[in-house]
$ cat run.json   # JSON, C-alpha atoms
[["chain", "number", "residue", "atom", "x", "y", "z"],
["A", 1, "MET", "CA", 12.66, 6.50, -23.68],
["A", 2, "ALA", "CA", 9.95, 6.01, -21.07],
["A", 3, "THR", "CA", 7.99, 8.75, -19.34],
["A", 4, "VAL", "CA", 8.77, 8.57, -15.60],
["A", 5, "ILE", "CA", 5.62, 8.39, -13.46],
["A", 6, "SER", "CA", 6.07, 10.67, -10.46],
["A", 7, "GLY", "CA", 4.61, 9.07, -7.34],
["A", 8, "LYS", "CA", 5.27, 12.36, -5.56],
["A", 9, "GLU", "CA", 3.02, 14.30, -7.94],
["A", 10, "VAL", "CA", 0.19, 11.74, -8.01],
["A", 11, "SER", "CA", 0.32, 11.30, -4.22],
["A", 12, "GLN", "CA", 0.10, 15.08, -3.70],
["A", 13, "LYS", "CA", -3.03, 15.11, -5.86],
["A", 14, "VAL", "CA", -4.62, 12.29, -3.80],
["A", 15, "LYS", "CA", -3.67, 13.96, -0.51],
["A", 16, "GLY", "CA", -5.06, 17.26, -1.76],
["A", 17, "GLU", "CA", -8.43, 15.60, -2.45],
["A", 18, "VAL", "CA", -8.38, 13.92, 0.99],
["A", 19, "ARG", "CA", -7.54, 17.23, 2.67],
["A", 20, "GLU", "CA", -10.50, 18.99, 0.99],
["A", 21, "LYS", "CA", -12.91, 16.29, 2.17],
["A", 22, "ALA", "CA", -11.41, 16.25, 5.68],
["A", 23, "LEU", "CA", -11.94, 20.01, 5.93],
["A", 24, "ALA", "CA", -15.55, 19.60, 4.78],
["A", 25, "LEU", "CA", -16.05, 16.98, 7.52],
["A", 26, "LYS", "CA", -14.47, 19.30, 10.09],
["A", 27, "GLU", "CA", -17.06, 21.95, 9.21],
["A", 28, "LYS", "CA", -19.71, 19.38, 10.18],
["A", 29, "GLY", "CA", -17.90, 18.82, 13.49],
["A", 30, "ILE", "CA", -16.34, 15.51, 12.44],
["A", 31, "GLU", "CA", -12.60, 15.01, 12.98],
["A", 32, "VAL", "CA", -10.71, 12.14, 11.35],
["A", 33, "GLY", "CA", -8.28, 10.18, 13.54],
["A", 34, "LEU", "CA", -5.63, 7.57, 12.76],
["A", 35, "ALA", "CA", -3.97, 5.50, 15.51],
["A", 36, "VAL", "CA", -0.50, 4.19, 14.68],
["A", 37, "VAL", "CA", 1.03, 1.51, 16.88],
["A", 38, "ILE", "CA", 4.75, 0.71, 16.79],
["A", 39, "VAL", "CA", 6.33, -2.05, 18.89],
["A", 40, "GLY", "CA", 10.08, -1.91, 19.48],
["A", 41, "ASP", "CA", 12.60, 0.34, 17.77],
["A", 42, "ASN", "CA", 13.02, -1.03, 14.24],
["A", 43, "PRO", "CA", 14.63, 1.96, 12.42],
["A", 44, "ALA", "CA", 12.76, 1.34, 9.15],
["A", 45, "SER", "CA", 9.44, 1.08, 11.02],
["A", 46, "ARG", "CA", 10.20, 4.36, 12.81],
["A", 47, "VAL", "CA", 10.79, 6.09, 9.46],
["A", 48, "TYR", "CA", 7.44, 4.78, 8.14],
["A", 49, "VAL", "CA", 5.56, 5.78, 11.29],
["A", 50, "ASN", "CA", 7.02, 9.31, 11.18],
["A", 51, "SER", "CA", 6.06, 9.71, 7.53],
["A", 52, "LYS", "CA", 2.49, 8.56, 8.30],
["A", 53, "LYS", "CA", 2.23, 11.12, 11.12],
["A", 54, "LYS", "CA", 3.49, 13.83, 8.77],
["A", 55, "ALA", "CA", 0.90, 12.83, 6.16],
["A", 56, "CYS", "CA", -1.85, 13.07, 8.80],
["A", 57, "GLU", "CA", -0.76, 16.66, 9.50],
["A", 58, "GLU", "CA", -0.78, 17.47, 5.78],
["A", 59, "VAL", "CA", -4.36, 16.29, 5.27],
["A", 60, "GLY", "CA", -5.73, 17.60, 8.57],
["A", 61, "PHE", "CA", -6.20, 14.33, 10.48],
["A", 62, "ASN", "CA", -5.52, 13.76, 14.16],
["A", 63, "SER", "CA", -2.81, 11.16, 14.64],
["A", 64, "TYR", "CA", -2.38, 9.10, 17.80],
["A", 65, "GLU", "CA", 0.91, 7.29, 18.25],
["A", 66, "TYR", "CA", 1.35, 4.35, 20.60],
["A", 67, "ALA", "CA", 5.04, 3.41, 20.92],
["A", 68, "LEU", "CA", 5.39, 0.18, 22.87],
["A", 69, "PRO", "CA", 8.64, -1.44, 24.09],
["A", 70, "GLU", "CA", 10.23, -4.37, 22.25],
["A", 71, "GLU", "CA", 9.28, -6.80, 25.04],
["A", 72, "THR", "CA", 5.53, -6.05, 24.82],
["A", 73, "THR", "CA", 3.50, -9.25, 25.07],
["A", 74, "GLN", "CA", 0.91, -10.33, 22.54],
["A", 75, "GLN", "CA", -1.83, -9.92, 25.14],
["A", 76, "GLU", "CA", -0.76, -6.35, 25.92],
["A", 77, "LEU", "CA", -0.93, -5.47, 22.24],
["A", 78, "LEU", "CA", -4.31, -7.21, 21.86],
["A", 79, "ASP", "CA", -5.59, -5.20, 24.84],
["A", 80, "LEU", "CA", -4.48, -1.95, 23.19],
["A", 81, "VAL", "CA", -6.14, -2.92, 19.89],
["A", 82, "GLU", "CA", -9.38, -3.58, 21.79],
["A", 83, "VAL", "CA", -9.19, -0.11, 23.40],
["A", 84, "LEU", "CA", -8.64, 1.49, 19.97],
["A", 85, "ASN", "CA", -11.49, -0.55, 18.41],
["A", 86, "ASN", "CA", -13.81, 1.08, 20.95],
["A", 87, "ASP", "CA", -12.32, 4.59, 20.78],
["A", 88, "GLU", "CA", -14.75, 6.95, 19.01],
["A", 89, "LYS", "CA", -11.92, 9.36, 18.10],
["A", 90, "VAL", "CA", -10.09, 6.65, 16.12],
["A", 91, "ASN", "CA", -11.30, 5.91, 12.58],
["A", 92, "GLY", "CA", -8.31, 3.87, 11.47],
["A", 93, "ILE", "CA", -5.89, 1.56, 13.27],
["A", 94, "LEU", "CA", -2.50, 0.77, 11.84],
["A", 95, "VAL", "CA", -0.15, -1.65, 13.61],
["A", 96, "GLN", "CA", 3.27, -1.23, 12.00],
["A", 97, "LEU", "CA", 4.75, -4.54, 10.78],
["A", 98, "PRO", "CA", 7.00, -6.44, 11.35],
["A", 99, "LEU", "CA", 6.26, -7.17, 15.00],
["A", 100, "PRO", "CA", 8.72, -8.71, 17.49],
["A", 101, "LYS", "CA", 8.92, -12.51, 17.33],
["A", 102, "GLN", "CA", 6.88, -13.12, 20.50],
["A", 103, "ILE", "CA", 3.79, -11.64, 18.80],
["A", 104, "ASP", "CA", 1.73, -13.46, 16.18],
["A", 105, "GLU", "CA", 1.04, -10.91, 13.43],
["A", 106, "ASN", "CA", -2.08, -12.74, 12.21],
["A", 107, "ALA", "CA", -3.62, -12.66, 15.69],
["A", 108, "ILE", "CA", -3.15, -8.87, 15.78],
["A", 109, "ILE", "CA", -4.48, -8.31, 12.24],
["A", 110, "ASN", "CA", -7.54, -10.44, 13.04],
["A", 111, "ALA", "CA", -8.18, -8.46, 16.25],
["A", 112, "ILE", "CA", -8.47, -5.10, 14.47],
["A", 113, "SER", "CA", -12.08, -4.16, 13.72],
["A", 114, "PRO", "CA", -12.66, -4.57, 9.95],
["A", 115, "ASP", "CA", -14.29, -1.10, 10.03],
["A", 116, "LYS", "CA", -11.00, 0.44, 11.23],
["A", 117, "ASP", "CA", -8.65, -1.83, 9.25],
["A", 118, "VAL", "CA", -7.22, 0.88, 7.01],
["A", 119, "ASP", "CA", -4.41, -1.43, 5.84],
["A", 120, "ALA", "CA", -7.11, -3.82, 4.50],
["A", 121, "PHE", "CA", -5.26, -6.86, 5.88],
["A", 122, "HIS", "CA", -8.17, -8.33, 7.90],
["A", 123, "PRO", "CA", -9.56, -11.56, 6.30],
["A", 124, "PHE", "CA", -13.01, -9.92, 6.13],
["A", 125, "ASN", "CA", -11.66, -7.07, 4.00],
["A", 126, "VAL", "CA", -9.47, -9.41, 1.94],
["A", 127, "GLY", "CA", -12.60, -11.42, 1.11],
["A", 128, "LYS", "CA", -14.45, -8.26, 0.10],
["A", 129, "ILE", "CA", -11.63, -7.40, -2.33],
["A", 130, "MET", "CA", -11.94, -10.89, -3.85],
["A", 131, "ILE", "CA", -15.62, -10.33, -4.75],
["A", 132, "GLY", "CA", -15.14, -6.68, -5.69],
["A", 133, "GLU", "CA", -17.33, -5.15, -2.97],
["A", 134, "TYR", "CA", -14.73, -3.37, -0.89],
["A", 135, "ALA", "CA", -14.62, -0.21, 1.20],
["A", 136, "PHE", "CA", -10.85, -0.32, 1.72],
["A", 137, "LEU", "CA", -8.04, -1.47, -0.55],
["A", 138, "PRO", "CA", -4.53, -2.45, 0.52],
["A", 139, "CYS", "CA", -2.59, 0.79, 0.24],
["A", 140, "THR", "CA", 0.21, -0.27, -2.11],
["A", 141, "PRO", "CA", -1.96, -1.97, -4.79],
["A", 142, "ALA", "CA", -4.49, 0.89, -4.60],
["A", 143, "GLY", "CA", -1.66, 3.37, -5.10],
["A", 144, "ILE", "CA", -0.37, 1.40, -8.08],
["A", 145, "MET", "CA", -3.81, 1.60, -9.71],
["A", 146, "GLU", "CA", -3.71, 5.40, -9.29],
["A", 147, "LEU", "CA", -0.26, 5.49, -10.91],
["A", 148, "ILE", "CA", -1.43, 3.39, -13.87],
["A", 149, "ASP", "CA", -4.54, 5.57, -14.25],
["A", 150, "SER", "CA", -2.36, 8.71, -14.24],
["A", 151, "THR", "CA", -0.79, 7.51, -17.52],
["A", 152, "GLY", "CA", -4.15, 7.32, -19.30],
["A", 153, "VAL", "CA", -3.39, 3.73, -20.33],
["A", 154, "GLU", "CA", -6.53, 1.58, -20.46],
["A", 155, "ILE", "CA", -6.25, -1.61, -18.34],
["A", 156, "ALA", "CA", -9.19, -3.50, -19.90],
["A", 157, "GLY", "CA", -8.03, -6.23, -22.28],
["A", 158, "LYS", "CA", -4.33, -5.67, -21.56],
["A", 159, "SER", "CA", -1.93, -8.45, -20.63],
["A", 160, "CYS", "CA", -0.96, -7.72, -17.00],
["A", 161, "VAL", "CA", 1.87, -9.58, -15.28],
["A", 162, "VAL", "CA", 2.43, -9.37, -11.52],
["A", 163, "ILE", "CA", 5.72, -10.78, -10.22],
["A", 164, "GLY", "CA", 5.22, -11.71, -6.57],
["A", 165, "ARG", "CA", 2.32, -13.33, -4.70],
["A", 166, "SER", "CA", 2.44, -11.73, -1.25],
["A", 167, "ASN", "CA", -0.78, -11.05, 0.65],
["A", 168, "ILE", "CA", 0.15, -7.37, 0.91],
["A", 169, "VAL", "CA", 0.93, -6.63, -2.76],
["A", 170, "GLY", "CA", 0.94, -9.49, -5.28],
["A", 171, "LYS", "CA", -2.41, -11.16, -4.59],
["A", 172, "PRO", "CA", -4.56, -8.02, -4.11],
["A", 173, "MET", "CA", -2.78, -6.36, -7.06],
["A", 174, "SER", "CA", -3.83, -9.20, -9.34],
["A", 175, "MET", "CA", -7.45, -8.89, -8.12],
["A", 176, "LEU", "CA", -7.59, -5.12, -8.76],
["A", 177, "LEU", "CA", -6.28, -5.55, -12.30],
["A", 178, "LEU", "CA", -8.79, -8.36, -12.84],
["A", 179, "HIS", "CA", -11.65, -6.17, -11.58],
["A", 180, "ARG", "CA", -10.64, -3.67, -14.27],
["A", 181, "SER", "CA", -10.78, -6.40, -16.97],
["A", 182, "GLY", "CA", -7.04, -6.91, -17.31],
["A", 183, "THR", "CA", -5.86, -10.40, -18.35],
["A", 184, "VAL", "CA", -3.70, -11.24, -15.36],
["A", 185, "THR", "CA", -0.78, -13.63, -14.88],
["A", 186, "VAL", "CA", 0.77, -13.95, -11.39],
["A", 187, "CYS", "CA", 4.40, -15.11, -11.38],
["A", 188, "HIS", "CA", 6.55, -16.24, -8.46],
["A", 189, "SER", "CA", 9.71, -18.15, -7.55],
["A", 190, "LYS", "CA", 8.38, -21.42, -9.05],
["A", 191, "THR", "CA", 7.24, -19.89, -12.35],
["A", 192, "LYS", "CA", 8.81, -21.41, -15.46],
["A", 193, "ASN", "CA", 9.63, -19.26, -18.52],
["A", 194, "LEU", "CA", 9.37, -16.08, -16.46],
["A", 195, "LYS", "CA", 11.27, -14.03, -19.02],
["A", 196, "GLU", "CA", 8.92, -15.03, -21.86],
["A", 197, "ILE", "CA", 5.83, -14.30, -19.74],
["A", 198, "CYS", "CA", 7.15, -10.83, -18.83],
["A", 199, "GLN", "CA", 7.98, -10.08, -22.46],
["A", 200, "ASN", "CA", 4.25, -10.30, -23.27],
["A", 201, "ALA", "CA", 3.18, -7.91, -20.51],
["A", 202, "ASP", "CA", 1.54, -4.63, -21.48],
["A", 203, "ILE", "CA", 1.51, -3.78, -17.76],
["A", 204, "LEU", "CA", 4.30, -5.26, -15.62],
["A", 205, "VAL", "CA", 4.24, -4.98, -11.81],
["A", 206, "ALA", "CA", 7.41, -6.16, -10.03],
["A", 207, "ALA", "CA", 7.00, -6.92, -6.32],
["A", 208, "VAL", "CA", 9.59, -9.59, -5.73],
["A", 209, "GLY", "CA", 12.02, -7.95, -3.27],
["A", 210, "ARG", "CA", 15.16, -8.67, -5.30],
["A", 211, "PRO", "CA", 17.32, -5.79, -6.55],
["A", 212, "ASN", "CA", 17.37, -5.23, -10.32],
["A", 213, "PHE", "CA", 15.59, -8.57, -10.85],
["A", 214, "VAL", "CA", 13.69, -7.39, -13.95],
["A", 215, "THR", "CA", 16.19, -6.67, -16.71],
["A", 216, "GLY", "CA", 15.64, -4.79, -19.95],
["A", 217, "ASP", "CA", 15.30, -7.97, -22.03],
["A", 218, "MET", "CA", 12.24, -8.97, -19.94],
["A", 219, "VAL", "CA", 10.33, -5.78, -20.82],
["A", 220, "LYS", "CA", 8.00, -5.53, -23.80],
["A", 221, "GLU", "CA", 8.42, -2.51, -26.06],
["A", 222, "GLY", "CA", 5.93, 0.15, -24.86],
["A", 223, "ALA", "CA", 5.00, -1.59, -21.58],
["A", 224, "VAL", "CA", 3.94, 0.22, -18.41],
["A", 225, "VAL", "CA", 6.44, -0.87, -15.72],
["A", 226, "ILE", "CA", 5.61, -0.47, -12.02],
["A", 227, "ASP", "CA", 8.44, -1.16, -9.57],
["A", 228, "VAL", "CA", 7.26, -1.96, -6.04],
["A", 229, "GLY", "CA", 10.65, -3.06, -4.73],
["A", 230, "ILE", "CA", 12.80, -1.00, -2.41],
["A", 231, "ASN", "CA", 16.19, -2.53, -1.73],
["A", 232, "ARG", "CA", 19.20, -0.97, -0.05],
["A", 233, "MET", "CA", 22.47, -1.69, -1.84],
["A", 234, "GLU", "CA", 25.86, -2.14, -0.15],
["A", 235, "ASP", "CA", 26.79, 1.46, -1.03],
["A", 236, "GLY", "CA", 23.69, 2.66, 0.86],
["A", 237, "LYS", "CA", 21.76, 3.63, -2.28],
["A", 238, "LEU", "CA", 18.18, 2.49, -2.84],
["A", 239, "CYS", "CA", 17.17, 0.52, -5.89],
["A", 240, "GLY", "CA", 14.04, -1.25, -7.05],
["A", 241, "ASP", "CA", 13.24, -4.73, -8.36],
["A", 242, "VAL", "CA", 13.60, -3.37, -11.91],
["A", 243, "ASN", "CA", 16.85, -2.40, -13.58],
["A", 244, "PHE", "CA", 15.66, 1.14, -14.26],
["A", 245, "ALA", "CA", 18.38, 2.14, -16.76],
["A", 246, "GLU", "CA", 17.65, -0.89, -18.97],
["A", 247, "ALA", "CA", 13.86, -0.97, -18.63],
["A", 248, "GLU", "CA", 13.49, 2.77, -19.24],
["A", 249, "LYS", "CA", 14.76, 2.34, -22.81],
["A", 250, "LYS", "CA", 11.86, 0.03, -23.71],
["A", 251, "ALA", "CA", 8.92, 0.98, -21.48],
["A", 252, "SER", "CA", 6.39, 3.69, -22.35],
["A", 253, "TYR", "CA", 5.93, 4.55, -18.65],
["A", 254, "ILE", "CA", 8.00, 3.54, -15.62],
["A", 255, "THR", "CA", 8.07, 4.31, -11.89],
["A", 256, "PRO", "CA", 11.34, 5.36, -10.21],
["A", 257, "VAL", "CA", 12.73, 4.10, -6.90],
["A", 258, "PRO", "CA", 12.52, 6.04, -4.66],
["A", 259, "GLY", "CA", 9.69, 8.45, -5.52],
["A", 260, "GLY", "CA", 7.36, 6.05, -7.32],
["A", 261, "VAL", "CA", 5.14, 3.60, -5.46],
["A", 262, "GLY", "CA", 6.36, 4.60, -1.96],
["A", 263, "PRO", "CA", 4.63, 8.00, -1.65],
["A", 264, "MET", "CA", 1.40, 6.46, -3.01],
["A", 265, "THR", "CA", 1.17, 3.88, -0.22],
["A", 266, "ILE", "CA", 0.93, 6.60, 2.44],
["A", 267, "ALA", "CA", -1.48, 8.71, 0.34],
["A", 268, "MET", "CA", -3.84, 5.73, -0.01],
["A", 269, "LEU", "CA", -3.63, 5.09, 3.74],
["A", 270, "MET", "CA", -4.96, 8.62, 4.22],
["A", 271, "LYS", "CA", -7.72, 7.94, 1.68],
["A", 272, "ASN", "CA", -8.72, 4.72, 3.49],
["A", 273, "THR", "CA", -8.83, 6.52, 6.86],
["A", 274, "LEU", "CA", -11.06, 9.22, 5.38],
["A", 275, "THR", "CA", -13.32, 6.50, 3.90],
["A", 276, "ALA", "CA", -13.59, 4.85, 7.35],
["A", 277, "ALA", "CA", -14.65, 8.17, 8.90],
["A", 278, "MET", "CA", -17.23, 8.78, 6.17],
["A", 279, "ILE", "CA", -18.73, 5.28, 6.51],
["A", 280, "LYS", "CA", -18.91, 5.63, 10.30],
["A", 281, "ASN", "CA", -20.82, 8.90, 9.95],
["A", 282, "ASN", "CA", -23.02, 7.66, 7.06],
["A", 283, "ILE", "CA", -21.64, 10.26, 4.68],
["A", 284, "THR", "CA", -21.47, 9.42, 0.98],
["A", 285, "GLU", "CA", -19.23, 11.19, -1.51]]

$ encode --input "run.json" --output "structure tokens"
Amino acid sequence: MATVISGKEVSQKVKGEVREKALALKEKGIEVGLAVVIVGDNPASRVYVNSKKKACEEVGFNSYEYALPEETTQQELLDLVEVLNNDEKVNGILVQLPLPKQIDENAIINAISPDKDVDAFHPFNVGKIMIGEYAFLPCTPAGIMELIDSTGVEIAGKSCVVIGRSNIVGKPMSMLLLHRSGTVTVCHSKTKNLKEICQNADILVAAVGRPNFVTGDMVKEGAVVIDVGINRMEDGKLCGDVNFAEAEKKASYITPVPGGVGPMTIAMLMKNTLTAAMIKNNITE
């Protein structure tokens, strides 16, 4: 039976470290600020924004919320981003996705200053991740690396399989594992023999957005299984991309849903915002 990796515990540890450093900065007269922009009233987005504000309070950051109406134009949002790019109080800018259909998400991502792009979605920062010279990492993959490290399992030389090739999780995840000398296979909807590929994975990361997609017979005995998915079932319950009950019997370590990857994403956002503040003020660790 697998050991369950608690995202809550690991995220509290990360936030505790961020809080200590934020307090040390405050003593030098430097305050850390995160601006969160939400357009429209998507209920899921509102939940995420509230949890990010709460995390800012926990670690001692200032948070600035900009709630814009659903009918906001692309130009209005671009104008706000420009104001925040030039605001000395703001170290990180986060525009909550998805945006209403009249706004081109890429145009907004590209408008955010790479120095304040704490989601690490800007092409400049994506390129830096590719060559391994990054300041910021996308929050979810960075959080997953923390979860894997918390198990003590060595990544170097291991067979690592990532299911999903999104720009937010799948692609950067594969790069981070590669930078740590994992042997990485990226699978997706066109992959043939998916089951056989997964059965060879020492580390399996599922980020496919389909409930219970990874079944027990796809999991190698003793694998580390990371479930990025969060899907709401008809009965209102949340479940991941992995069939937890089946996979737990074979894995050595596994993340739950909820309470696994989710809390880590917000903790790493706090870490990125702190990093942005430290870089701006020429402060090293």

$ atom_distance --input "run.json" --atom1 "CA of Asn272 in chain A" --atom2 "CA of Thr73 in chain A"
28.5 Å

$ closest_residue --input "run.json" --among "A:Ser166, A:Thr265, A:Thr275, A:Thr215" --to "Thr140 in chain A" --atoms "all atoms listed in the file"
A:Thr265

$ closest_residue --input "run.json" --among "A:Val257, A:Ile93, A:Leu176, A:Val162" --to "His188 in chain A" --atoms "all atoms listed in the file"
A:Val162

$ atom_distance --input "run.json" --atom1 "CA of Ser51 in chain A" --atom2 "CA of Cys239 in chain A"
19.7 Å

$ residues_around --input "run.json" --residues "Asp117 in chain A" --least-positions-apart "5" --cutoff "10 Å" --atoms "all atoms listed in the file" --output "PyMOL selection string"
chain A and resi 85+91-95+109-112+122+124-125+136-138+272-273+276

$ residues_near_point --input "run.json" --point "(-2.7, 12.3, 0.2)" --cutoff "12 Å" --atoms "only C-alpha atoms" --output "VMD selection string"
chain A and resid 7 to 22 51 to 52 54 to 61 139 143 146 263 to 274

$ residues_around --input "run.json" --residues "range 64-72 of chain A" --least-positions-apart "3" --cutoff "6 Å" --atoms "all atoms listed in the file" --output "PyMOL selection string"
chain A and resi 35-40

$ atom_distance --input "run.json" --atom1 "CA of Ala206 in chain A" --atom2 "CA of Ile230 in chain A"
10.7 Å

$ closest_residue --input "run.json" --among "A:Ala142, A:Ile197, A:Ala245, A:Asp104" --to "Asp119 in chain A" --atoms "all atoms listed in the file"
A:Ala142

$ closest_residue --input "run.json" --among "A:Ile108, A:Val32, A:Ile144, A:Cys160" --to "Asn62 in chain A" --atoms "only C-alpha atoms"
A:Val32

$ closest_residue --input "run.json" --among "A:Asn106, A:Asn243, A:Asn86, A:Thr3" --to "Ala223 in chain A" --atoms "only C-alpha atoms"
A:Thr3

$ closest_residue --input "run.json" --among "A:Ser45, A:Gln102, A:Ser63, A:Gln74" --to "Lys89 in chain A" --atoms "only C-alpha atoms"
A:Ser63

$ residues_around --input "run.json" --residues "His179 in chain A" --least-positions-apart "6" --cutoff "10 Å" --atoms "only C-alpha atoms" --output "list in words"
Ile129, Met130, Ile131, Gly132, Ile155, Ala156 and Met173 of chain A

$ residues_around --input "run.json" --residues "Val214 in chain A" --least-positions-apart "3" --cutoff "9 Å" --atoms "all atoms listed in the file" --output "PyMOL selection string"
chain A and resi 195+198+206+210-211+217-219+241-244+247

$ write_last_selection --input "run.json" --atoms "C-alpha atoms" --output "CSV table (one decimal), in the frame of the given file"
chain,number,residue,atom,x,y,z
A,195,LYS,CA,11.3,-14.0,-19.0
A,198,CYS,CA,7.2,-10.8,-18.8
A,206,ALA,CA,7.4,-6.2,-10.0
A,210,ARG,CA,15.2,-8.7,-5.3
A,211,PRO,CA,17.3,-5.8,-6.6
A,217,ASP,CA,15.3,-8.0,-22.0
A,218,MET,CA,12.2,-9.0,-19.9
A,219,VAL,CA,10.3,-5.8,-20.8
A,241,ASP,CA,13.2,-4.7,-8.4
A,242,VAL,CA,13.6,-3.4,-11.9
A,243,ASN,CA,16.8,-2.4,-13.6
A,244,PHE,CA,15.7,1.1,-14.3
A,247,ALA,CA,13.9,-1.0,-18.6

$ axis_aligned_box --input "run.json" --around "range 55-74 of chain A" --padding-each-side "3 Å" --output "lines of an AutoDock Vina configuration file"
center_x = 2.0
center_y = 3.6
center_z = 15.2
size_x = 22.4
size_y = 33.9
size_z = 25.8

$ decode --input "run.json" --residues "range 215-221 of chain A" --atoms "all heavy atoms" --output "short mmCIF file (atom, residue, chain, number, x, y, z; two decimals), in the first residue's frame"
data_model
loop_
_atom_site.label_atom_id
_atom_site.label_comp_id
_atom_site.auth_asym_id
_atom_site.auth_seq_id
_atom_site.Cartn_x
_atom_site.Cartn_y
_atom_site.Cartn_z
N THR A 215 -5.60 3.74 -14.60
CA THR A 215 -6.12 2.63 -13.79
C THR A 215 -4.95 1.85 -13.17
O THR A 215 -3.80 2.03 -13.57
CB THR A 215 -6.99 1.71 -14.66
OG1 THR A 215 -6.28 1.41 -15.88
CG2 THR A 215 -8.31 2.39 -15.02
N GLY A 216 -5.29 1.01 -12.22
CA GLY A 216 -4.27 0.26 -11.49
C GLY A 216 -3.35 -0.56 -12.37
O GLY A 216 -2.15 -0.68 -12.12
N ASP A 217 -3.90 -1.12 -13.47
CA ASP A 217 -3.08 -1.98 -14.34
C ASP A 217 -2.09 -1.18 -15.20
O ASP A 217 -1.28 -1.76 -15.92
CB ASP A 217 -3.96 -2.86 -15.24
CG ASP A 217 -4.90 -2.06 -16.13
OD1 ASP A 217 -4.95 -0.82 -15.99
OD2 ASP A 217 -5.60 -2.67 -16.97
N MET A 218 -2.14 0.15 -15.11
CA MET A 218 -1.18 1.00 -15.84
C MET A 218 0.01 1.39 -14.96
O MET A 218 0.96 2.00 -15.42
CB MET A 218 -1.88 2.27 -16.35
CG MET A 218 -2.93 2.01 -17.40
SD MET A 218 -4.01 3.44 -17.69
CE MET A 218 -2.93 4.51 -18.66
N VAL A 219 -0.08 1.06 -13.67
CA VAL A 219 0.92 1.52 -12.69
C VAL A 219 1.93 0.42 -12.40
O VAL A 219 1.57 -0.72 -12.10
CB VAL A 219 0.23 1.97 -11.38
CG1 VAL A 219 1.26 2.36 -10.32
CG2 VAL A 219 -0.73 3.12 -11.65
N LYS A 220 3.21 0.79 -12.49
CA LYS A 220 4.29 -0.14 -12.17
C LYS A 220 4.37 -0.34 -10.66
O LYS A 220 4.16 0.59 -9.89
CB LYS A 220 5.61 0.45 -12.69
CG LYS A 220 6.85 -0.39 -12.43
CD LYS A 220 8.08 0.33 -12.96
CE LYS A 220 9.34 -0.49 -12.73
NZ LYS A 220 10.53 0.19 -13.29
N GLU A 221 4.67 -1.55 -10.24
CA GLU A 221 4.85 -1.84 -8.82
C GLU A 221 5.94 -0.93 -8.25
O GLU A 221 7.05 -0.87 -8.79
CB GLU A 221 5.27 -3.32 -8.66
CG GLU A 221 5.02 -3.89 -7.28
CD GLU A 221 3.54 -4.11 -6.97
OE1 GLU A 221 2.81 -4.70 -7.79
OE2 GLU A 221 3.14 -3.67 -5.87
#
